[in-house]
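The structure appears below as C-alpha cells.
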Amino acid sequence: MDDGWIVKFVPFNSAVASPFWVAYCREKLERIHLSTDPIEIRAQYGVEASVRMQLEENSLMCCGSFPDDRVSVKGMLVGCNTLEDFQKIDKNELLYSHFGDHFLEGNLSCLTRVLLLTFADLKNHKVLYWFGFPALMTRPGKSIRAVRQDLLEDIWSSNRIAALDESVTRMRHTRSSSGQESTLPPYFIITDDECLPLSVKDYERISEVGSEPVFGYFDPSGPSAVRPEQPMGWPLRNLVAFLSFHLKLGGTKVKVISYRPKQLRRIETVDSGRYPSADGSESVLLQLSIPMKTAYDWNEDSKISDAPTYKVVGWELNTRAKPGPRWVNLRPLLDSRHLAVQAADLNLKLMKWRMLPDLQVEKLQKTKVLIIGAGTLGCTVARVLLGWGVRNFTFVDYGKVSYSNPVRQSLFTLDDCHADGGGGRPKAEAAAEALKEIAADVQSKGVTLSIPMPGHIETREAIETSVNALDQLMQPCDVAFLLTDTRESRWLPTLMAATYGKTMINAALGLDSWLVMRHGGGLLERRRFGCYFCNDVVAPENSMKNRTVDQQCTVTRPGLAPIASSMAVELMVSLLHHADGLSAPAPAVGTSNFMPTVSQNESGSPLGVIPQQIRGSLVTYTMMTPTVPAFCHCTACSAGVVDSYLHDKVELVFQTCQSSGGSFLAGISGLTAFRADAAEKFDELGAWDDDHEDEV
C-alpha cells in the first residue's frame, strides 16, 4: 500500500440567485417550450471558504461579464417536461454523458463543470432541481493519496510567497489584457519565474528544459488552519485525474498548491506593472501520489470486456444530506403583480408550445384597441380580448351604468349603479377601471363622448368637440371595435376607419341573430370589402324617433352577445396573424363546410380562414360567411365622403347631422344620382314592356 493518507474532498454546494430561476421559467414559457435540448449555462465560484457554486441571472444565457476574481465554470441545464420524466431519467448516465467523453478527449474547460437537471412547475411557480458537479472516480483501493501536506507559510519564505502571489496576479492580468477569458483559470502551472494556465503544451515545454513544475488550483474551500488529512476543494479531484490521463504522471509524486489567498483584488484595481500581494500564505502545498490511469478503470479487475469502464460521481446532497433533488418555491420571491401577469398569459404561451407555434403573443400584447360602445357587446369583447393577451384599451361611451346593466354587462357591478346618487358611473370610465382589477398589466382609459349621428341635430360647437376627440382616439389605435346600439351611431366611426385605413370589427345584434364583419382599410386597399353601410341604398338617419321602450333598448337573447363578441375578437386575432392584414382574402364561395383544421397554407393565417362577414342565428343555430364588396356610392366609406371628411371634417359632420332624411350624405356620396339613374333605367324597362304588350 502507498504511504500517506487518502485525500478527502469537500463537494460544492449550489447557491442560486432567485433571478436565475425567474429567468429560466420565463425562457421555458416563452422560448424553450417542450424542447429537452441541453442549454448552456455559466456558473462561478471564488476562494472565500464557502465552496459555493453560484448561478446569477446572467448565468442562464451566458451573457454579460463575470467577475475576474472568480472562476467561471461551463455547464449544461437539462429540463424535463414532466415530473415523471425527471424521476425516470438515468442520473448516473446523464452525469457521465456531460463529462466523461469531454474529459477523455482532454478538454480542459470541462475539468470543472456543472450539470443542472430541472423540472419547472410553471402553474405553481416551483422548480425541482438537482445539481451535479461531475468528477472521475477511482476504483476501491486505488484512491488519491497525499504523502505530505504543509501550510505554505511554514515551509516557504515570505519573499517566495510574495513572488507566487505576484506571478498569479500577472497571469490574471495577461489573460485579461490579451482579450482572453478574464475570469480566474481554475488550474495553473508554477515555475521559478512564471505562472501559466494549465495546458499540455506548456507542461511539455517546461518539462523539456528540465524544470520541475508545481501544479496549482484555486481552492474554493478558502483559507483555514492546516491539519493532517484536511479535506481539499472539489476541483483537485479532476486535476489529479487529468495529470494521470493526459500528462502521463500516473505512479509519480507531484506537488500541488491549493491556492487560498486571504484577498483577491479585481484586475481593474491593479496599476500597470504593479502586482500587489494577494497574501497566499495560508495556501497549502500538497505532495500527492498520482494514481495510474488503470486505477480509474472499473473493468480492470473483472475483465468482463476489454473496453474500460469509467464512473462519474458528483450529484449534490439535499437538505437531508442525502443524494436527491430540491424544490424551490418562487411564489414568495415574486411580487403579486408579476405572479398575476405571468398567470394571465400562461394559457397563450402554452398554446405556442404545441398547438399554435406561430401565435404572435407579443404582437397581441402591443395591439392598441379602441372599443366604441361599452355596453353588452363592449364589456364582453373586452373580456375576450384580455384572454388573448391584449392589454391596451380605450373605451368610448356616453352612457352611465344603470340598474339593468350589471346582469348583462360583465364589467359592471351594483356599486357602479349606486354612484352619483344612483345616477351611475360613466360606462367608459367604469369599464376601464374594471379591466385594471382583472389584469395587473392592463393599460386602459375611458372617454365619455357623445358620437355625432346623422339626423341628430346638435350645435356646431358640440359637434366640433366630439369629432376632434373621436378623431384623435381613432388615429393611434390599431383596431377599432364598433359596438354601438344604433345604426346611425356607427356612421362616423366607419367613416374614420375608412379615412385612416384602420381595421374595424363591427358587431350588431338582433333579437336572435347577429352580425360580425370586418371593414376599414382605406380606399387604396387591394381587396376592399364593404362596410356596414355598403348594402344600403339609403343614407343613415335618426332611427330613435317615435319608438317604444322595447324598440329603444337592445332587446336580444342573453346568449347572443357573448357569441357575437367572441366571434368579433377571434376575427381580429386571425386577421392580425395574416400577412395581408385587413386585405386578407375571404374564403372562396363553397368553402363554408365544417373543417376541424385549416392549414396556414390554405388560409394564410395560423388560426384558419378569415371571413369578411359572419351572420348567425339562434333560431336555426346556423352561420353564414358572405362576402360583400365595397359600394362606390356608400354613404360612409366611398371616395366622395372620405374626401369631404379630409377637406373639412367638422363641416361634413355638422351638415350630416342637420340634414333630414339623409339627403346631404346621399348627395356627396353620389347615391342620389345613382338612385335617379337606376329609377330612370327601371322606367325605361317598364316602358319597353308597355310598348310590346300588344304584340305578345
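Chain labels A, B, ... are given in the sequence in which chains occur in the C-alpha cells; within each chain residues are numbered consecutively from 1, and ligands are likewise numbered from 1 in the order shown.
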Let's see if you can do this: from backbone DSSP, list all strand (DSSP E) residues in stretch 136-303 of chain A, as a tab-separated table (two decimals) with N, CA and C atoms, in the first residue's frame.
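File written: result20.tsv
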```
chain	number	residue	atom	x	y	z
A	136	LEU	N	-14.30	12.29	-11.94
A	136	LEU	CA	-13.95	10.92	-12.25
A	136	LEU	C	-13.57	10.19	-10.96
A	137	MET	N	-14.06	8.98	-10.80
A	137	MET	CA	-13.91	8.24	-9.55
A	137	MET	C	-12.96	7.05	-9.72
A	145	ARG	N	-3.91	9.66	-2.88
A	145	ARG	CA	-3.27	9.69	-1.56
A	145	ARG	C	-2.31	10.86	-1.48
A	146	ALA	N	-2.24	11.43	-0.28
A	146	ALA	CA	-1.30	12.53	-0.01
A	146	ALA	C	-0.15	12.01	0.82
A	147	VAL	N	1.07	12.37	0.43
A	147	VAL	CA	2.27	11.97	1.15
A	147	VAL	C	2.64	13.03	2.18
A	148	ARG	N	2.37	14.29	1.79
A	148	ARG	CA	2.73	15.38	2.70
A	148	ARG	C	1.78	16.54	2.47
A	149	GLN	N	1.57	17.32	3.53
A	149	GLN	CA	0.65	18.46	3.46
A	149	GLN	C	1.16	19.54	4.41
A	150	ASP	N	1.48	20.72	3.85
A	150	ASP	CA	2.07	21.80	4.66
A	150	ASP	C	1.40	23.12	4.33
A	151	LEU	N	1.28	23.95	5.36
A	151	LEU	CA	0.86	25.33	5.14
A	151	LEU	C	2.02	26.06	4.46
A	187	TYR	N	-7.05	26.09	-13.01
A	187	TYR	CA	-5.81	25.36	-12.77
A	187	TYR	C	-4.65	26.09	-13.44
A	188	PHE	N	-3.44	25.93	-12.86
A	188	PHE	CA	-2.28	26.61	-13.44
A	188	PHE	C	-1.01	25.82	-13.13
A	189	ILE	N	0.08	26.20	-13.81
A	189	ILE	CA	1.40	25.60	-13.61
A	189	ILE	C	2.34	26.69	-13.11
A	190	ILE	N	3.13	26.36	-12.08
A	190	ILE	CA	4.04	27.33	-11.48
A	190	ILE	C	5.48	26.86	-11.71
A	195	CYS	N	3.93	31.90	-14.06
A	195	CYS	CA	2.72	31.14	-13.72
A	195	CYS	C	1.84	31.13	-14.95
A	196	LEU	N	1.43	29.96	-15.40
A	196	LEU	CA	0.68	29.82	-16.64
A	196	LEU	C	-0.56	28.97	-16.42
A	197	PRO	N	-1.65	29.28	-17.17
A	197	PRO	CA	-2.81	28.38	-17.11
A	197	PRO	C	-2.41	26.98	-17.55
A	214	VAL	N	5.28	22.93	-10.53
A	214	VAL	CA	4.33	22.71	-9.45
A	214	VAL	C	2.95	23.08	-10.00
A	215	PHE	N	2.00	22.23	-9.80
A	215	PHE	CA	0.65	22.49	-10.28
A	215	PHE	C	-0.13	23.22	-9.19
A	216	GLY	N	-1.08	24.01	-9.63
A	216	GLY	CA	-1.88	24.76	-8.68
A	216	GLY	C	-3.33	24.83	-9.10
A	217	TYR	N	-4.20	25.12	-8.16
A	217	TYR	CA	-5.61	25.34	-8.47
A	217	TYR	C	-6.19	26.29	-7.43
A	218	PHE	N	-7.19	27.05	-7.85
A	218	PHE	CA	-7.88	27.93	-6.93
A	218	PHE	C	-8.86	27.10	-6.11
A	232	MET	N	-9.68	18.64	0.84
A	232	MET	CA	-9.31	19.61	-0.17
A	232	MET	C	-10.55	19.99	-1.00
A	233	GLY	N	-10.42	21.09	-1.72
A	233	GLY	CA	-11.51	21.54	-2.58
A	233	GLY	C	-11.80	20.56	-3.71
A	253	LYS	N	4.97	11.07	-7.87
A	253	LYS	CA	4.58	12.01	-6.82
A	253	LYS	C	4.70	13.43	-7.38
A	254	VAL	N	3.67	14.20	-7.17
A	254	VAL	CA	3.56	15.54	-7.76
A	254	VAL	C	3.21	16.54	-6.67
A	255	LYS	N	3.79	17.75	-6.81
A	255	LYS	CA	3.47	18.83	-5.87
A	255	LYS	C	2.33	19.67	-6.45
A	256	VAL	N	1.36	19.92	-5.60
A	256	VAL	CA	0.19	20.72	-5.99
A	256	VAL	C	-0.06	21.77	-4.91
A	257	ILE	N	-0.25	23.01	-5.34
A	257	ILE	CA	-0.57	24.08	-4.40
A	257	ILE	C	-2.08	24.31	-4.41
A	258	SER	N	-2.66	24.14	-3.26
A	258	SER	CA	-4.06	24.53	-3.06
A	258	SER	C	-4.04	26.02	-2.73
A	259	TYR	N	-4.28	26.85	-3.75
A	259	TYR	CA	-4.09	28.30	-3.61
A	259	TYR	C	-5.32	28.92	-2.93
A	284	VAL	N	-1.99	25.85	0.70
A	284	VAL	CA	-1.49	24.56	1.16
A	284	VAL	C	-0.66	23.92	0.04
A	285	LEU	N	0.52	23.40	0.42
A	285	LEU	CA	1.35	22.65	-0.52
A	285	LEU	C	1.19	21.17	-0.24
A	286	LEU	N	0.74	20.45	-1.27
A	286	LEU	CA	0.50	19.02	-1.15
A	286	LEU	C	1.52	18.25	-1.99
A	287	GLN	N	1.89	17.09	-1.48
A	287	GLN	CA	2.63	16.14	-2.30
A	287	GLN	C	1.75	14.92	-2.45
A	288	LEU	N	1.33	14.65	-3.70
A	288	LEU	CA	0.33	13.62	-3.96
A	288	LEU	C	0.93	12.46	-4.74
A	289	SER	N	0.44	11.29	-4.44
A	289	SER	CA	0.73	10.10	-5.25
A	289	SER	C	-0.35	10.01	-6.30
```
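When the distance limit is 8 Å and only C-alpha atoms are what count, the residues near A:Val313, minus those fewer than 3 positions from it on the same chain, are A:Asn92, A:Leu95, A:Phe133, A:Pro134, A:Ala135, A:Leu136, A:Met137.
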Could you tell me how far atom CA of A:Arg172 sits from atom CA of A:Ile144, in Å to one decimal place? 29.3 Å
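Contact shell of stretch 429-437 of chain A at 9 Å (only C-alpha atoms; same-chain neighbours under 6 positions omitted): Ala374, Gly378, Cys379, Ala382, Arg383, Leu386, Phe393, Thr394, Phe395, Val396, Asp397, Lys400, Val401, Leu411, Phe412, Asp416, Gln443, Ser444, Lys445, Gly446, Val447 and Thr448 of chain A.
Distances to A:Val312 were evaluated for A:Gly423, A:Gln409, A:Tyr96, A:Val516 using only C-alpha atoms, and the minimum falls at A:Tyr96.
Going from atom CA of A:Asp90 to atom CA of A:Leu60 covers 23.6 Å.
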Find, counting only C-alpha atoms, the residue in A:Ile39, A:Ala120, A:Val200, A:Ala278 that gets nearest to A:Ser167. A:Ala278
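If you measure from each of A:Leu571, A:Leu164, A:Val7, A:Ala307 to A:Val240 using only C-alpha atoms, the closest one turns out to be A:Val7.
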Which residues, written as a ChimeraX atom specification, have at least one atom at most 12 Å from A:Leu29, with only C-alpha atoms counted and residues fewer than 6 positions away on the same chain left out? /A:22-23,35,81,120-123,125,342-343,345-354,361
Preceding selection exported with C-alpha atoms as a PDB file, in the first residue's frame:
```pdb
ATOM      1  CA  VAL A  22     -37.292  33.608 -12.680  1.00  0.00           C
ATOM      2  CA  ALA A  23     -35.329  33.997 -15.924  1.00  0.00           C
ATOM      3  CA  SER A  35     -37.589  21.212 -26.104  1.00  0.00           C
ATOM      4  CA  ASN A  81     -41.292  18.482 -19.161  1.00  0.00           C
ATOM      5  CA  ALA A 120     -40.336  23.641 -13.889  1.00  0.00           C
ATOM      6  CA  ASP A 121     -43.858  23.518 -12.466  1.00  0.00           C
ATOM      7  CA  LEU A 122     -44.979  26.739 -14.122  1.00  0.00           C
ATOM      8  CA  LYS A 123     -48.544  26.691 -12.833  1.00  0.00           C
ATOM      9  CA  HIS A 125     -44.267  28.690  -9.643  1.00  0.00           C
ATOM     10  CA  GLN A 342     -47.417  35.526 -15.703  1.00  0.00           C
ATOM     11  CA  ALA A 343     -50.543  33.560 -14.810  1.00  0.00           C
ATOM     12  CA  ASP A 345     -50.616  34.880 -20.143  1.00  0.00           C
ATOM     13  CA  LEU A 346     -49.955  31.246 -19.231  1.00  0.00           C
ATOM     14  CA  ASN A 347     -52.687  29.834 -21.492  1.00  0.00           C
ATOM     15  CA  LEU A 348     -51.480  31.809 -24.523  1.00  0.00           C
ATOM     16  CA  LYS A 349     -47.850  30.861 -24.092  1.00  0.00           C
ATOM     17  CA  LEU A 350     -48.706  27.204 -23.606  1.00  0.00           C
ATOM     18  CA  MET A 351     -50.680  27.354 -26.860  1.00  0.00           C
ATOM     19  CA  LYS A 352     -47.399  28.183 -28.622  1.00  0.00           C
ATOM     20  CA  TRP A 353     -45.684  25.070 -27.243  1.00  0.00           C
ATOM     21  CA  ARG A 354     -47.550  22.538 -29.320  1.00  0.00           C
ATOM     22  CA  VAL A 361     -48.327  36.777 -28.322  1.00  0.00           C
TER      23      VAL A 361
END
```
Just to confirm, what's the straight-line distance from atom CA of A:Ala508 to atom CA of A:Pro493 in Å (one decimal)? 14.3 Å
What's around A:Phe9 at 12 Å? Count only C-alpha atoms, leave out sequence neighbours fewer than 6 positions away in its own chain, and write the answer as number ranges by chain. A: 51, 135, 137, 143-145, 219-221, 229-238, 314
Suppose we keep N, CA and C atoms; can you now write the selection as a PDB file, in the first residue's frame?
```pdb
ATOM      1  N   VAL A  51     -17.226  27.166  -0.638  1.00  0.00           N
ATOM      2  CA  VAL A  51     -17.401  26.065  -1.582  1.00  0.00           C
ATOM      3  C   VAL A  51     -18.747  26.185  -2.294  1.00  0.00           C
ATOM      4  N   ALA A 135     -17.108  14.365 -11.297  1.00  0.00           N
ATOM      5  CA  ALA A 135     -15.694  14.064 -11.044  1.00  0.00           C
ATOM      6  C   ALA A 135     -15.460  12.592 -11.334  1.00  0.00           C
ATOM      7  N   MET A 137     -14.055   8.979 -10.802  1.00  0.00           N
ATOM      8  CA  MET A 137     -13.907   8.243  -9.549  1.00  0.00           C
ATOM      9  C   MET A 137     -12.959   7.050  -9.724  1.00  0.00           C
ATOM     10  N   SER A 143      -7.481   4.919  -4.311  1.00  0.00           N
ATOM     11  CA  SER A 143      -7.811   6.312  -4.061  1.00  0.00           C
ATOM     12  C   SER A 143      -6.596   7.220  -4.214  1.00  0.00           C
ATOM     13  N   ILE A 144      -6.872   8.512  -4.345  1.00  0.00           N
ATOM     14  CA  ILE A 144      -5.820   9.529  -4.380  1.00  0.00           C
ATOM     15  C   ILE A 144      -5.242   9.651  -2.967  1.00  0.00           C
ATOM     16  N   ARG A 145      -3.913   9.655  -2.877  1.00  0.00           N
ATOM     17  CA  ARG A 145      -3.266   9.688  -1.561  1.00  0.00           C
ATOM     18  C   ARG A 145      -2.311  10.863  -1.482  1.00  0.00           C
ATOM     19  N   ASP A 219      -8.575  27.031  -4.823  1.00  0.00           N
ATOM     20  CA  ASP A 219      -9.338  26.149  -3.941  1.00  0.00           C
ATOM     21  C   ASP A 219     -10.524  26.902  -3.359  1.00  0.00           C
ATOM     22  N   PRO A 220     -11.764  26.494  -3.662  1.00  0.00           N
ATOM     23  CA  PRO A 220     -12.939  27.208  -3.159  1.00  0.00           C
ATOM     24  C   PRO A 220     -13.176  27.032  -1.666  1.00  0.00           C
ATOM     25  N   SER A 221     -12.425  26.116  -1.023  1.00  0.00           N
ATOM     26  CA  SER A 221     -12.638  25.929   0.413  1.00  0.00           C
ATOM     27  C   SER A 221     -12.011  27.048   1.237  1.00  0.00           C
ATOM     28  N   GLU A 229      -4.696  15.413   7.082  1.00  0.00           N
ATOM     29  CA  GLU A 229      -5.846  14.831   6.390  1.00  0.00           C
ATOM     30  C   GLU A 229      -6.999  15.827   6.220  1.00  0.00           C
ATOM     31  N   GLN A 230      -6.651  17.115   6.149  1.00  0.00           N
ATOM     32  CA  GLN A 230      -7.683  18.136   5.908  1.00  0.00           C
ATOM     33  C   GLN A 230      -8.285  17.953   4.516  1.00  0.00           C
ATOM     34  N   PRO A 231      -9.629  17.966   4.359  1.00  0.00           N
ATOM     35  CA  PRO A 231     -10.235  17.822   3.031  1.00  0.00           C
ATOM     36  C   PRO A 231      -9.821  18.969   2.106  1.00  0.00           C
ATOM     37  N   MET A 232      -9.682  18.643   0.841  1.00  0.00           N
ATOM     38  CA  MET A 232      -9.314  19.609  -0.173  1.00  0.00           C
ATOM     39  C   MET A 232     -10.547  19.993  -1.001  1.00  0.00           C
ATOM     40  N   GLY A 233     -10.419  21.093  -1.719  1.00  0.00           N
ATOM     41  CA  GLY A 233     -11.508  21.542  -2.583  1.00  0.00           C
ATOM     42  C   GLY A 233     -11.796  20.561  -3.707  1.00  0.00           C
ATOM     43  N   TRP A 234     -13.055  20.474  -4.115  1.00  0.00           N
ATOM     44  CA  TRP A 234     -13.518  19.513  -5.113  1.00  0.00           C
ATOM     45  C   TRP A 234     -12.753  19.571  -6.443  1.00  0.00           C
ATOM     46  N   PRO A 235     -12.296  20.737  -6.941  1.00  0.00           N
ATOM     47  CA  PRO A 235     -11.599  20.765  -8.239  1.00  0.00           C
ATOM     48  C   PRO A 235     -10.322  19.933  -8.273  1.00  0.00           C
ATOM     49  N   LEU A 236      -9.700  19.682  -7.116  1.00  0.00           N
ATOM     50  CA  LEU A 236      -8.462  18.903  -7.103  1.00  0.00           C
ATOM     51  C   LEU A 236      -8.693  17.493  -7.643  1.00  0.00           C
ATOM     52  N   ARG A 237      -9.881  16.987  -7.465  1.00  0.00           N
ATOM     53  CA  ARG A 237     -10.175  15.608  -7.844  1.00  0.00           C
ATOM     54  C   ARG A 237      -9.955  15.383  -9.347  1.00  0.00           C
ATOM     55  N   ASN A 238     -10.480  16.280 -10.166  1.00  0.00           N
ATOM     56  CA  ASN A 238     -10.317  16.127 -11.609  1.00  0.00           C
ATOM     57  C   ASN A 238      -8.943  16.576 -12.088  1.00  0.00           C
ATOM     58  N   GLY A 314     -20.843  12.923  -8.282  1.00  0.00           N
ATOM     59  CA  GLY A 314     -20.898  14.363  -8.058  1.00  0.00           C
ATOM     60  C   GLY A 314     -22.274  14.950  -7.882  1.00  0.00           C
TER      61      GLY A 314
END
```
Mind checking which residues fall within 12 Å of A:Ser158, counting only C-alpha atoms, ignoring those fewer than 3 positions away in the same chain, and posting them as number ranges by chain? A: 152-155, 161-165, 277, 279-282
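Distances from A:Asn535, A:Gln655, A:Thr112, A:Gln472 to A:His633 were compared using only C-alpha atoms, and the smallest one belongs to A:Asn535.
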